[in-house]
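K.L.:
Dropping in coords34.txt, with compact mmCIF, C-alpha atoms.
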```txt
# COMPACT_ATOMS: atom_id res chain seq x y z
CA MET A 142 2.94 0.21 2.68
CA ALA A 143 0.44 -2.62 2.88
CA ARG A 144 1.11 -6.27 3.62
CA LEU A 145 1.47 -8.59 0.62
CA SER A 146 -0.40 -11.90 0.83
CA VAL A 147 -0.31 -14.70 -1.70
CA GLY A 148 -3.04 -17.21 -0.99
CA HIS A 149 -3.24 -20.74 -2.37
CA VAL A 150 -1.73 -19.79 -5.74
CA THR A 151 -1.33 -22.44 -8.41
CA GLN A 152 0.27 -21.70 -11.76
CA GLY A 153 1.49 -23.92 -14.51
CA PHE A 154 2.45 -24.01 -18.13
CA GLY A 155 0.84 -26.82 -20.10
CA SER A 156 1.28 -30.01 -18.12
CA LEU A 157 4.05 -28.50 -15.92
CA THR A 158 2.88 -27.20 -12.52
CA VAL A 159 5.33 -24.54 -11.33
CA LEU A 160 3.45 -23.29 -8.25
CA ASP A 161 1.18 -25.69 -6.38
CA ASP A 162 -1.05 -24.17 -3.67
CA VAL A 163 1.58 -21.63 -2.57
CA SER A 164 0.77 -19.22 0.26
CA LEU A 165 3.03 -16.48 1.58
CA THR A 166 2.70 -13.29 3.61
CA VAL A 167 5.27 -10.51 3.63
CA GLU A 168 4.65 -7.87 6.29
CA SER A 169 5.08 -4.19 5.56
CA GLY A 170 8.71 -3.08 5.69
CA ARG A 171 10.09 -6.62 5.36
CA VAL A 172 12.19 -8.05 2.54
CA ALA A 173 11.73 -11.48 0.99
CA CYS A 174 13.74 -13.42 -1.57
CA LEU A 175 13.43 -16.71 -3.40
CA LEU A 176 16.41 -19.00 -3.74
CA GLY A 177 16.68 -22.03 -5.98
CA PRO A 178 18.57 -23.58 -8.88
CA SER A 179 18.35 -22.19 -12.37
CA GLY A 180 15.14 -23.12 -14.15
CA CYS A 181 13.14 -24.12 -11.07
CA GLY A 182 10.46 -21.42 -11.52
CA LYS A 183 11.61 -18.60 -9.24
CA THR A 184 10.46 -15.92 -11.70
CA THR A 185 6.88 -17.24 -11.93
CA PRO A 186 5.79 -16.09 -8.46
CA PHE A 187 7.16 -12.62 -9.20
CA HIS A 188 5.16 -12.50 -12.42
CA VAL A 189 2.02 -13.57 -10.55
CA VAL A 190 2.56 -11.07 -7.71
CA ALA A 191 3.27 -8.24 -10.17
CA GLY A 192 0.10 -9.07 -12.12
CA LEU A 193 1.97 -10.02 -15.29
CA GLU A 194 0.46 -13.51 -15.15
CA ARG A 195 -2.88 -14.54 -13.72
CA PRO A 196 -2.63 -17.72 -11.62
CA SER A 197 -4.88 -20.65 -12.47
CA ALA A 198 -5.98 -20.64 -8.80
CA GLY A 199 -5.52 -18.42 -5.75
CA ARG A 200 -5.18 -14.69 -5.29
CA VAL A 201 -2.77 -11.91 -4.46
CA LEU A 202 -3.70 -9.26 -1.88
CA LEU A 203 -2.02 -5.95 -1.19
CA GLY A 204 -3.41 -5.10 2.23
CA GLU A 205 -7.10 -5.94 1.87
CA ARG A 206 -7.19 -5.17 -1.88
CA ASP A 207 -7.24 -8.03 -4.41
CA VAL A 208 -4.58 -7.23 -7.04
CA THR A 209 -4.59 -10.64 -8.74
CA GLY A 210 -3.86 -10.10 -12.43
CA CYS A 211 -3.57 -6.31 -12.03
CA PRO A 212 -0.27 -5.15 -13.52
CA GLY A 213 1.33 -1.98 -12.22
CA GLN A 214 0.39 -2.43 -8.55
CA LEU A 215 3.76 -3.82 -7.41
CA SER A 216 7.28 -3.69 -8.74
CA TYR A 217 10.34 -5.86 -8.29
CA MET A 218 13.98 -5.91 -9.31
CA LEU A 219 15.40 -8.53 -11.62
CA GLN A 220 18.92 -9.94 -11.38
CA LYS A 221 19.94 -8.10 -14.55
CA ASP A 222 19.76 -4.33 -14.29
CA LEU A 223 18.12 -3.91 -17.72
CA LEU A 224 19.23 -0.29 -17.91
CA LEU A 225 18.73 1.41 -21.25
CA PRO A 226 22.24 2.18 -22.55
CA SER A 227 21.02 5.25 -24.46
CA LYS A 228 19.69 6.94 -21.30
CA THR A 229 21.59 8.49 -18.40
CA ILE A 230 21.21 6.99 -14.94
CA LEU A 231 18.78 9.77 -14.00
CA ASP A 232 16.65 9.08 -17.08
CA ASN A 233 16.72 5.33 -16.41
CA VAL A 234 15.47 5.90 -12.84
CA SER A 235 12.77 8.36 -13.99
CA LEU A 236 11.53 6.10 -16.81
CA PRO A 237 8.52 4.59 -14.95
CA LEU A 238 7.28 8.08 -14.12
CA VAL A 239 7.62 9.23 -17.74
CA LEU A 240 5.84 6.11 -18.99
CA ARG A 241 3.02 6.87 -16.58
CA GLY A 242 2.64 10.34 -18.10
CA THR A 243 4.59 12.51 -15.67
CA PRO A 244 6.21 15.39 -17.60
CA ARG A 245 9.90 14.63 -18.22
CA ASP A 246 11.28 17.49 -16.10
CA ALA A 247 9.02 16.62 -13.16
CA ALA A 248 9.91 12.92 -13.48
CA ARG A 249 13.61 13.77 -13.48
CA GLU A 250 13.16 15.92 -10.35
CA GLU A 251 11.34 13.09 -8.53
CA ALA A 252 14.08 10.65 -9.60
CA ARG A 253 16.78 13.10 -8.46
CA GLU A 254 15.24 13.00 -4.96
CA LEU A 255 15.84 9.22 -4.89
CA MET A 256 19.54 9.40 -5.76
CA PRO A 257 20.83 9.74 -2.15
CA THR A 258 18.65 6.85 -0.96
CA PHE A 259 20.19 4.50 -3.52
CA GLY A 260 23.77 5.82 -3.33
CA LEU A 261 23.62 7.32 -6.80
CA VAL A 262 24.52 10.94 -6.09
CA GLY A 263 27.03 12.05 -8.72
CA THR A 264 25.97 9.43 -11.29
CA GLU A 265 22.87 11.25 -12.58
CA ASP A 266 24.44 12.29 -15.89
CA ARG A 267 26.55 9.18 -16.42
CA TRP A 268 25.75 6.37 -18.85
CA PRO A 269 25.19 2.79 -17.64
CA ALA A 270 28.40 1.61 -19.35
CA GLU A 271 30.37 4.07 -17.20
CA LEU A 272 29.32 2.45 -13.92
CA SER A 273 30.60 -0.63 -12.13
CA GLY A 274 28.31 -3.65 -11.89
CA GLY A 275 27.44 -2.83 -8.28
CA MET A 276 26.63 0.78 -9.09
CA ARG A 277 24.56 -0.33 -12.10
CA GLN A 278 22.48 -2.56 -9.79
CA ARG A 279 21.50 0.42 -7.63
CA ALA A 280 19.69 2.22 -10.46
CA PRO A 281 16.97 -0.45 -10.84
CA GLY A 282 16.30 -0.12 -7.11
CA GLY A 283 15.64 3.57 -7.66
CA ARG A 284 13.56 2.77 -10.73
CA ALA A 285 11.44 0.22 -8.82
CA HIS A 286 10.93 2.76 -6.04
CA ALA A 287 10.02 5.47 -8.57
CA HIS A 288 7.43 3.10 -10.04
CA ARG A 289 5.78 2.81 -6.61
CA ARG A 290 5.55 6.59 -6.18
CA ARG A 291 2.15 8.01 -6.92
CA GLY A 292 3.33 11.41 -8.14
CA ALA A 293 1.09 14.44 -7.86
CA HIS A 294 1.83 15.14 -11.51
CA ARG A 295 -0.53 12.45 -12.82
CA SER A 296 -3.66 13.58 -14.60
CA ALA A 297 -7.16 12.54 -13.48
CA ALA A 298 -7.27 9.98 -16.29
CA GLN A 299 -4.02 8.44 -15.06
CA ARG A 300 -5.34 8.27 -11.48
CA ALA A 301 -8.55 6.49 -12.56
CA PRO A 302 -8.63 2.74 -11.94
CA SER A 303 -7.57 0.53 -14.81
CA LEU A 304 -9.73 -2.46 -15.73
CA GLN A 305 -8.79 -6.08 -15.73
CA PRO A 306 -9.44 -7.11 -19.33
CA ASP A 307 -10.67 -10.59 -18.45
CA ARG A 308 -12.98 -9.65 -15.56
CA GLY A 309 -13.71 -5.95 -16.05
CA LEU A 310 -12.93 -5.24 -12.39
CA PRO A 311 -11.09 -2.17 -11.13
CA CYS A 312 -7.38 -2.77 -10.54
CA ALA A 313 -6.40 0.51 -8.89
```
Could you write out this file's structure as structure tokens?

P.N.:
Amino acid sequence: MARLSVGHVTQGFGSLTVLDDVSLTVESGRVACLLGPSGCGKTTPFHVVAGLERPSAGRVLLGERDVTGCPGQLSYMLQKDLLLPSKTILDNVSLPLVLRGTPRDAAREEARELMPTFGLVGTEDRWPAELSGGMRQRAPGGRAHAHRRRGAHRSAAQRAPSLQPDRGLPCA
């Protein structure tokens, strides 16, 4: 896994500046978290890093690759599990693979391989409402990890770089 670098990022909404010249480096294999009171803007850097929002200044690097404004390059877990109540735990974990075009059975098999890592063995066929809060929080970890996997089941079209709509530059 490559190092994540956020360099001199500024982001605001109207006249409110939420991030002002923020720089951060997270080395491969390390974990980082943001702490702060409700409403202080903790979600904004995650949106910028994940490419869901383009900062007004600065850039986001994954290793040496500029991923600023490129959704789908990084994933993160929210506080709420956001599990789909109509899907089993296995289908919730495999969802990013299915959305990316991996055949359902192959996606489920890849997700099944993640169950031991996230302490979910035995919950594959259970519904989110049947799990405790702590167990429910494990499934999004598996889902975020599944999102990062670059399964061999993707077609050539799915492996081709996407384009940034505002700059026409390759994102992948």

K.L.:
Just give me the gap between CA of Arg144 in chain A and CA of Lys183 in chain A in Å, one decimal is fine.

P.N.:
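According to the coordinates, CA of Arg144 in chain A and CA of Lys183 in chain A are separated by 20.7 Å.
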
K.L.:
Between CA of Pro186 in chain A and CA of Gly155 in chain A, what is the spacing in Å?

P.N.:
16.6 Å

K.L.:
Go through range 163-265 of chain A and flag each residue having an atom no more than 12 Å from range 275-279 of chain A; for those, report the closest pair of atoms plus their distance in Å to one decimal, using all atoms listed in the file, ordered by chain and rising number, as a Markdown table.

P.N.:
```
| residue | atom | partner | partner_atom | distance |
| --- | --- | --- | --- | --- |
| A:Met218 | CA | A:Gln278 | CA | 9.1 |
| A:Leu219 | CA | A:Gln278 | CA | 9.4 |
| A:Gln220 | CA | A:Gln278 | CA | 8.3 |
| A:Lys221 | CA | A:Gln278 | CA | 7.7 |
| A:Asp222 | CA | A:Gln278 | CA | 5.5 |
| A:Leu223 | CA | A:Gln278 | CA | 9.1 |
| A:Leu224 | CA | A:Arg277 | CA | 7.9 |
| A:Leu225 | CA | A:Arg277 | CA | 11.0 |
| A:Pro226 | CA | A:Arg277 | CA | 11.0 |
| A:Thr229 | CA | A:Arg277 | CA | 11.2 |
| A:Ile230 | CA | A:Arg277 | CA | 8.5 |
| A:Leu231 | CA | A:Arg279 | CA | 11.6 |
| A:Asn233 | CA | A:Arg277 | CA | 10.6 |
| A:Val234 | CA | A:Arg279 | CA | 9.7 |
| A:Leu255 | CA | A:Arg279 | CA | 10.8 |
| A:Met256 | CA | A:Arg279 | CA | 9.4 |
| A:Pro257 | CA | A:Arg279 | CA | 10.8 |
| A:Thr258 | CA | A:Arg279 | CA | 9.7 |
| A:Phe259 | CA | A:Arg279 | CA | 5.9 |
| A:Gly260 | CA | A:Arg279 | CA | 7.3 |
| A:Leu261 | CA | A:Arg279 | CA | 7.3 |
| A:Val262 | CA | A:Met276 | CA | 10.8 |
| A:Gly263 | CA | A:Met276 | CA | 11.3 |
| A:Thr264 | CA | A:Met276 | CA | 8.9 |
| A:Glu265 | CA | A:Met276 | CA | 11.7 |
```

K.L.:
Find the residues near range 157-164 of chain A: any atom within 10 Å, counting only C-alpha atoms, skip ones fewer than 2 places away on the same chain, and give them as a list in words.

P.N.:
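Near range 157-164 of chain A, the qualifying residues are Ser146, Val147, Gly148, His149, Val150, Thr151, Gln152, Gly153, Phe154, Gly155, Thr166, Cys181, Gly182, Lys183, Thr185, Pro186, Pro196, Ser197, Ala198, Gly199, Arg200 and Val201 of chain A.
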
K.L.:
Would you output that residue set with C-alpha atoms, as a PDB file, in the frame of the given file?

P.N.:
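Once everything was written out, this is part_23.pdb:
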```pdb
ATOM      1  CA  SER A 146      -0.400 -11.900   0.830  1.00  0.00           C
ATOM      2  CA  VAL A 147      -0.310 -14.700  -1.700  1.00  0.00           C
ATOM      3  CA  GLY A 148      -3.040 -17.210  -0.990  1.00  0.00           C
ATOM      4  CA  HIS A 149      -3.240 -20.740  -2.370  1.00  0.00           C
ATOM      5  CA  VAL A 150      -1.730 -19.790  -5.740  1.00  0.00           C
ATOM      6  CA  THR A 151      -1.330 -22.440  -8.410  1.00  0.00           C
ATOM      7  CA  GLN A 152       0.270 -21.700 -11.760  1.00  0.00           C
ATOM      8  CA  GLY A 153       1.490 -23.920 -14.510  1.00  0.00           C
ATOM      9  CA  PHE A 154       2.450 -24.010 -18.130  1.00  0.00           C
ATOM     10  CA  GLY A 155       0.840 -26.820 -20.100  1.00  0.00           C
ATOM     11  CA  THR A 166       2.700 -13.290   3.610  1.00  0.00           C
ATOM     12  CA  CYS A 181      13.140 -24.120 -11.070  1.00  0.00           C
ATOM     13  CA  GLY A 182      10.460 -21.420 -11.520  1.00  0.00           C
ATOM     14  CA  LYS A 183      11.610 -18.600  -9.240  1.00  0.00           C
ATOM     15  CA  THR A 185       6.880 -17.240 -11.930  1.00  0.00           C
ATOM     16  CA  PRO A 186       5.790 -16.090  -8.460  1.00  0.00           C
ATOM     17  CA  PRO A 196      -2.630 -17.720 -11.620  1.00  0.00           C
ATOM     18  CA  SER A 197      -4.880 -20.650 -12.470  1.00  0.00           C
ATOM     19  CA  ALA A 198      -5.980 -20.640  -8.800  1.00  0.00           C
ATOM     20  CA  GLY A 199      -5.520 -18.420  -5.750  1.00  0.00           C
ATOM     21  CA  ARG A 200      -5.180 -14.690  -5.290  1.00  0.00           C
ATOM     22  CA  VAL A 201      -2.770 -11.910  -4.460  1.00  0.00           C
TER      23      VAL A 201
END
```

K.L.:
Quick check, in Å to one decimal: how far apart do CA of Ser216 in chain A and CA of Glu271 in chain A lie?

P.N.:
25.8 Å

K.L.:
Tell me which of A:Ala280, A:Val172, A:Ala248, A:Val239 sits closest to Trp268 in chain A, counting only C-alpha atoms.

P.N.:
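The answer is A:Ala280, which sits nearest to Trp268 in chain A.
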
K.L.:
Point out the residue among A:Gly213, A:Pro178, A:Pro237, A:Gly170 with the least atom-to-atom distance to Ala191 in chain A, counting all atoms listed in the file.

P.N.:
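Under the stated criterion, the closest residue is A:Gly213.
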